[in-house]
>>> print(open('coords22.cif').read())   # mmCIF, C-alpha atoms
data_work
#
loop_
_atom_site.group_PDB
_atom_site.id
_atom_site.type_symbol
_atom_site.label_atom_id
_atom_site.label_comp_id
_atom_site.auth_asym_id
_atom_site.auth_seq_id
_atom_site.Cartn_x
_atom_site.Cartn_y
_atom_site.Cartn_z
ATOM 1 C CA MET A 1 -6.020 -1.978 30.608
ATOM 2 C CA PHE A 2 -7.906 -3.012 27.487
ATOM 3 C CA GLN A 3 -8.205 -6.758 28.196
ATOM 4 C CA PRO A 4 -10.064 -6.555 31.559
ATOM 5 C CA LEU A 5 -12.564 -4.119 30.042
ATOM 6 C CA LEU A 6 -13.210 -6.394 27.081
ATOM 7 C CA ASN A 7 -13.674 -9.420 29.350
ATOM 8 C CA LYS A 8 -16.112 -7.496 31.525
ATOM 9 C CA PHE A 9 -18.193 -5.858 28.810
ATOM 10 C CA VAL A 10 -17.768 -7.934 25.657
ATOM 11 C CA GLY A 11 -16.399 -11.382 26.459
ATOM 12 C CA THR A 12 -13.276 -13.323 25.693
ATOM 13 C CA PRO A 13 -10.811 -12.128 23.043
ATOM 14 C CA SER A 14 -11.752 -15.034 20.765
ATOM 15 C CA HIS A 15 -15.439 -14.066 21.006
ATOM 16 C CA LEU A 16 -14.545 -10.458 20.196
ATOM 17 C CA VAL A 17 -12.404 -11.438 17.210
ATOM 18 C CA GLU A 18 -15.189 -13.681 15.907
ATOM 19 C CA THR A 19 -17.731 -10.870 16.292
ATOM 20 C CA LEU A 20 -15.432 -8.322 14.651
ATOM 21 C CA ALA A 21 -14.704 -10.695 11.774
ATOM 22 C CA THR A 22 -18.437 -11.139 11.220
ATOM 23 C CA LEU A 23 -18.939 -7.375 11.337
ATOM 24 C CA LYS A 24 -16.079 -6.898 8.904
ATOM 25 C CA GLY A 25 -17.715 -9.374 6.502
ATOM 26 C CA VAL A 26 -21.049 -7.577 6.721
ATOM 27 C CA LEU A 27 -19.398 -4.203 6.123
ATOM 28 C CA LEU A 28 -17.403 -5.501 3.166
ATOM 29 C CA ASN A 29 -20.494 -7.117 1.633
ATOM 30 C CA HIS A 30 -22.387 -3.847 1.900
ATOM 31 C CA HIS A 31 -19.433 -1.884 0.560
ATOM 32 C CA LEU A 32 -18.734 -4.227 -2.335
ATOM 33 C CA GLY A 33 -22.421 -4.559 -3.166
ATOM 34 C CA GLY A 34 -22.756 -0.805 -3.487
ATOM 35 C CA GLN A 35 -25.502 -0.735 -0.892
ATOM 36 C CA ARG A 36 -25.795 2.128 1.548
ATOM 37 C CA PHE A 37 -27.007 2.062 5.116
ATOM 38 C CA SER A 38 -30.087 4.280 5.274
ATOM 39 C CA ASP A 39 -33.139 4.930 7.345
ATOM 40 C CA SER A 40 -36.367 5.486 5.441
ATOM 41 C CA ARG A 41 -37.638 7.633 8.306
ATOM 42 C CA SER A 42 -34.814 10.149 7.922
ATOM 43 C CA THR A 43 -35.683 13.677 6.901
ATOM 44 C CA GLY A 44 -32.563 13.940 4.802
ATOM 45 C CA SER A 45 -30.988 16.375 7.222
ATOM 46 C CA SER A 46 -27.249 16.033 7.601
ATOM 47 C CA HIS A 47 -27.142 18.017 10.837
ATOM 48 C CA GLY A 48 -27.793 15.150 13.259
ATOM 49 C CA THR A 49 -31.407 16.047 13.882
ATOM 50 C CA GLU A 50 -34.673 14.379 13.032
ATOM 51 C CA ALA A 51 -38.021 16.106 12.630
ATOM 52 C CA VAL A 52 -40.599 14.698 15.041
ATOM 53 C CA GLY A 53 -43.979 16.359 14.698
ATOM 54 C CA ASN A 54 -43.389 20.113 14.817
ATOM 55 C CA ALA A 55 -40.289 19.756 16.983
ATOM 56 C CA VAL A 56 -36.738 19.027 16.005
ATOM 57 C CA ARG A 57 -34.828 16.772 18.403
ATOM 58 C CA TYR A 58 -31.290 15.547 18.428
ATOM 59 C CA TYR A 59 -30.718 11.916 17.471
ATOM 60 C CA TYR A 60 -29.373 11.049 20.897
ATOM 61 C CA ASP A 61 -32.661 12.251 22.457
ATOM 62 C CA ALA A 62 -34.715 10.233 19.982
ATOM 63 C CA LEU A 63 -32.600 7.128 20.572
ATOM 64 C CA SER A 64 -32.728 7.516 24.374
ATOM 65 C CA ASP A 65 -36.501 7.955 24.254
ATOM 66 C CA TYR A 66 -36.936 4.933 21.981
ATOM 67 C CA ILE A 67 -34.845 2.694 24.215
ATOM 68 C CA LYS A 68 -36.679 3.829 27.352
ATOM 69 C CA SER A 69 -40.149 3.431 25.845
ATOM 70 C CA THR A 70 -39.594 0.283 23.785
ATOM 71 C CA ILE A 71 -36.836 -1.754 25.397
ATOM 72 C CA LEU A 72 -36.506 -0.741 29.031
ATOM 73 C CA SER A 73 -40.258 -0.770 29.564
ATOM 74 C CA ASN A 74 -40.621 -4.264 28.058
ATOM 75 C CA PRO A 75 -40.605 -6.995 30.755
ATOM 76 C CA TYR A 76 -38.960 -9.397 28.281
ATOM 77 C CA TYR A 77 -35.713 -7.399 28.415
ATOM 78 C CA GLN A 78 -35.548 -7.009 32.194
ATOM 79 C CA GLY A 79 -32.255 -8.252 33.601
ATOM 80 C CA TYR A 80 -30.326 -7.703 30.376
ATOM 81 C CA GLU A 81 -27.468 -5.226 30.173
ATOM 82 C CA LEU A 82 -27.550 -2.691 27.353
ATOM 83 C CA LEU A 83 -24.534 -2.606 25.038
ATOM 84 C CA PHE A 84 -24.175 0.267 22.597
ATOM 85 C CA THR A 85 -21.685 0.513 19.781
ATOM 86 C CA GLY A 86 -21.004 2.774 16.862
ATOM 87 C CA HIS A 87 -18.318 4.167 14.619
ATOM 88 C CA SER A 88 -17.389 7.820 14.202
ATOM 89 C CA LEU A 89 -20.367 10.081 14.938
ATOM 90 C CA GLY A 90 -22.516 7.013 15.608
ATOM 91 C CA GLY A 91 -20.018 6.154 18.333
ATOM 92 C CA GLY A 92 -20.439 9.638 19.770
ATOM 93 C CA VAL A 93 -24.200 9.106 19.943
ATOM 94 C CA ALA A 94 -23.663 5.664 21.523
ATOM 95 C CA GLN A 95 -21.454 7.201 24.246
ATOM 96 C CA ILE A 96 -24.064 9.842 25.045
ATOM 97 C CA VAL A 97 -26.967 7.393 25.206
ATOM 98 C CA ALA A 98 -24.955 4.861 27.235
ATOM 99 C CA ALA A 99 -23.961 7.526 29.766
ATOM 100 C CA ARG A 100 -27.582 8.673 30.039
ATOM 101 C CA LEU A 101 -29.085 5.208 30.411
ATOM 102 C CA GLU A 102 -26.172 3.619 32.264
ATOM 103 C CA GLY A 103 -25.533 1.019 29.590
ATOM 104 C CA VAL A 104 -22.125 0.055 28.261
ATOM 105 C CA ALA A 105 -20.727 1.636 25.081
ATOM 106 C CA VAL A 106 -17.816 0.169 23.147
ATOM 107 C CA VAL A 107 -17.272 2.620 20.309
ATOM 108 C CA PHE A 108 -14.751 3.044 17.531
ATOM 109 C CA SER A 109 -13.125 6.263 16.289
ATOM 110 C CA ALA A 110 -15.730 8.403 18.010
ATOM 111 C CA PRO A 111 -15.305 12.049 18.938
ATOM 112 C CA GLY A 112 -14.925 12.725 22.631
ATOM 113 C CA VAL A 113 -17.870 13.939 24.689
ATOM 114 C CA VAL A 114 -16.078 15.132 27.850
ATOM 115 C CA LEU A 115 -16.002 18.877 27.168
ATOM 116 C CA SER A 116 -19.489 18.940 25.660
ATOM 117 C CA ARG A 117 -21.075 16.730 28.365
ATOM 118 C CA LYS A 118 -23.222 19.537 29.835
ATOM 119 C CA LYS A 119 -24.946 20.065 26.482
ATOM 120 C CA PHE A 120 -25.773 16.347 26.400
ATOM 121 C CA LYS A 121 -26.841 16.348 30.065
ATOM 122 C CA ILE A 122 -24.417 13.592 31.087
ATOM 123 C CA SER A 123 -21.890 13.450 33.897
ATOM 124 C CA LEU A 124 -18.165 12.874 33.634
ATOM 125 C CA ASP A 125 -18.546 9.959 36.066
ATOM 126 C CA ASN A 126 -21.070 8.274 33.742
ATOM 127 C CA ILE A 127 -18.882 8.818 30.681
ATOM 128 C CA ASP A 128 -15.931 7.272 32.489
ATOM 129 C CA ALA A 129 -18.014 4.410 33.904
ATOM 130 C CA TYR A 130 -19.961 3.372 30.812
ATOM 131 C CA ALA A 131 -17.994 4.174 27.634
ATOM 132 C CA ILE A 132 -14.750 3.063 26.008
ATOM 133 C CA ASN A 133 -13.507 4.431 22.699
ATOM 134 C CA VAL A 134 -11.081 2.438 20.534
ATOM 135 C CA TRP A 135 -9.331 4.577 17.923
ATOM 136 C CA ALA A 136 -6.267 4.636 15.721
ATOM 137 C CA VAL A 137 -3.318 6.935 16.195
ATOM 138 C CA GLY A 138 -3.540 9.458 13.381
ATOM 139 C CA ASP A 139 -7.351 9.541 13.274
ATOM 140 C CA LEU A 140 -8.631 13.124 13.441
ATOM 141 C CA VAL A 141 -12.216 12.448 14.560
ATOM 142 C CA PRO A 142 -11.350 11.302 18.116
ATOM 143 C CA LEU A 143 -9.374 14.514 18.555
ATOM 144 C CA ILE A 144 -12.649 16.435 18.449
ATOM 145 C CA ASP A 145 -13.502 17.195 22.084
ATOM 146 C CA GLU A 146 -11.714 15.345 24.869
ATOM 147 C CA GLN A 147 -11.678 11.572 25.356
ATOM 148 C CA SER A 148 -12.682 9.911 28.615
ATOM 149 C CA VAL A 149 -10.244 7.931 30.722
ATOM 150 C CA LYS A 150 -11.422 4.729 29.004
ATOM 151 C CA SER A 151 -9.862 5.321 25.636
ATOM 152 C CA GLN A 152 -7.689 2.788 23.835
ATOM 153 C CA GLN A 153 -5.513 3.568 20.852
ATOM 154 C CA VAL A 154 -4.432 1.125 18.157
ATOM 155 C CA ARG A 155 -1.691 1.563 15.578
ATOM 156 C CA CYS A 156 -2.115 3.032 12.131
ATOM 157 C CA SER A 157 0.729 2.426 9.685
ATOM 158 C CA HIS A 158 -0.666 4.881 7.146
ATOM 159 C CA GLU A 159 0.370 8.508 6.912
ATOM 160 C CA ARG A 160 -0.657 10.468 10.003
ATOM 161 C CA PHE A 161 -4.156 11.938 9.692
ATOM 162 C CA SER A 162 -4.947 9.665 6.771
ATOM 163 C CA TYR A 163 -8.564 8.687 6.173
ATOM 164 C CA HIS A 164 -7.354 5.069 6.396
ATOM 165 C CA CYS A 165 -6.708 5.586 10.112
ATOM 166 C CA HIS A 166 -10.411 6.406 10.592
ATOM 167 C CA SER A 167 -11.623 3.248 8.837
ATOM 168 C CA ILE A 168 -13.468 0.748 11.041
ATOM 169 C CA LEU A 169 -12.000 -2.009 8.856
ATOM 170 C CA HIS A 170 -8.481 -0.851 9.741
ATOM 171 C CA THR A 171 -9.351 -0.793 13.460
ATOM 172 C CA ILE A 172 -10.866 -4.281 13.270
ATOM 173 C CA ASP A 173 -7.733 -5.556 11.521
ATOM 174 C CA GLU A 174 -5.507 -4.056 14.236
ATOM 175 C CA ILE A 175 -7.586 -5.570 17.060
ATOM 176 C CA GLU A 176 -7.782 -8.901 15.277
ATOM 177 C CA GLY A 177 -4.006 -8.893 14.773
ATOM 178 C CA SER A 178 -3.314 -8.155 18.434
ATOM 179 C CA CYS A 179 -5.713 -10.855 19.670
ATOM 180 C CA LYS A 180 -4.320 -13.774 17.660
ATOM 181 C CA ASP A 181 -3.716 -16.884 19.717
ATOM 182 C CA GLU A 182 -0.123 -18.100 19.795
ATOM 183 C CA GLU A 183 -1.281 -21.601 18.832
ATOM 184 C CA GLY A 184 -3.127 -20.576 15.695
ATOM 185 C CA PRO A 185 -5.142 -17.878 13.897
#
>>> encode(input="coords22.cif", output="structure tokens")
Amino acid sequence: MFQPLLNKFVGTPSHLVETLATLKGVLLNHHLGGQRFSDSRSTGSSHGTEAVGNAVRYYYDALSDYIKSTILSNPYYQGYELLFTGHSLGGGVAQIVAARLEGVAVVFSAPGVVLSRKKFKISLDNIDAYAINVWAVGDLVPLIDEQSVKSQQVRCSHERFSYHCHSILHTIDEIEGSCKDEEGP
């Protein structure tokens, strides 16, 4: 099930492994360098909202609006397919925005959005059509809400419900290990 979806939305396994290896290197460099990912526009709220003028909007609304006004309205990007990705709660946001805008989301260790879809104003058909979640057995975050039919689990050799099972680096290692070519690395 996983391979045809990757070929359709991401590319060949070797392209995916190369991309994941690059991502892994970037993440490790940031982690080892002590740098943190941040957004200078953030209000400091940890509740998933951003102040905009006098109103408070959810991040998925702000991201949807930005993509519609900046990317989808730009003639330069016409004909391109949107691809969203994210890890953990960022993956949840990516699923919501992809379902709203009919773009593809390949997310990792994200909570489900099936039971809460009415709050996000998305349909079950759009979730199933546009999002796939890759997560490790033993990861607690994907057990929040219900996963769509396009959900792929990978192994986790750590103790069940270990924080290691939620790590994007662990998931990348598992995917990379399962995509190795028989003729070489």
>>> closest_residue(input="coords22.cif", among="A:Val134, A:Ala94, A:Val114, A:Val104", to="His170 of chain A", atoms="all atoms listed in the file")
A:Val134
>>> closest_residue(input="coords22.cif", among="A:Ser109, A:Thr70, A:Glu159, A:Leu82", to="Leu140 of chain A", atoms="all atoms listed in the file")
A:Ser109
>>> resolve_selection(input="coords22.cif", expression="the PyMOL selection byres ((chain A and resi 128) around 10)", output="PyMOL selection string")
chain A and resi 95+99+114+123-127+129-132+147-151
>>> atom_distance(input="coords22.cif", atom1="atom CA of Lys121 of chain A", atom2="atom CA of Ile96 of chain A")
8.7 Å
>>> atom_distance(input="coords22.cif", atom1="atom CA of Tyr77 of chain A", atom2="atom CA of Ser64 of chain A")
15.7 Å
>>> residues_around(input="coords22.cif", residues="Leu143 of chain A", least_positions_apart="6", cutoff="12 Å", atoms="all atoms listed in the file", output="number ranges by chain")
A: 88, 109-115, 133, 135-137, 151, 153, 161, 166
>>> write_last_selection(input="coords22.cif", atoms="C-alpha atoms", output="short mmCIF file (atom, residue, chain, number, x, y, z; two decimals), keeping the file's coordinate frame")
data_model
loop_
_atom_site.label_atom_id
_atom_site.label_comp_id
_atom_site.auth_asym_id
_atom_site.auth_seq_id
_atom_site.Cartn_x
_atom_site.Cartn_y
_atom_site.Cartn_z
CA SER A 88 -17.39 7.82 14.20
CA SER A 109 -13.12 6.26 16.29
CA ALA A 110 -15.73 8.40 18.01
CA PRO A 111 -15.30 12.05 18.94
CA GLY A 112 -14.92 12.72 22.63
CA VAL A 113 -17.87 13.94 24.69
CA VAL A 114 -16.08 15.13 27.85
CA LEU A 115 -16.00 18.88 27.17
CA ASN A 133 -13.51 4.43 22.70
CA TRP A 135 -9.33 4.58 17.92
CA ALA A 136 -6.27 4.64 15.72
CA VAL A 137 -3.32 6.94 16.20
CA SER A 151 -9.86 5.32 25.64
CA GLN A 153 -5.51 3.57 20.85
CA PHE A 161 -4.16 11.94 9.69
CA HIS A 166 -10.41 6.41 10.59
#
>>> atom_distance(input="coords22.cif", atom1="atom CA of Ser178 of chain A", atom2="atom CA of Val93 of chain A")
27.1 Å
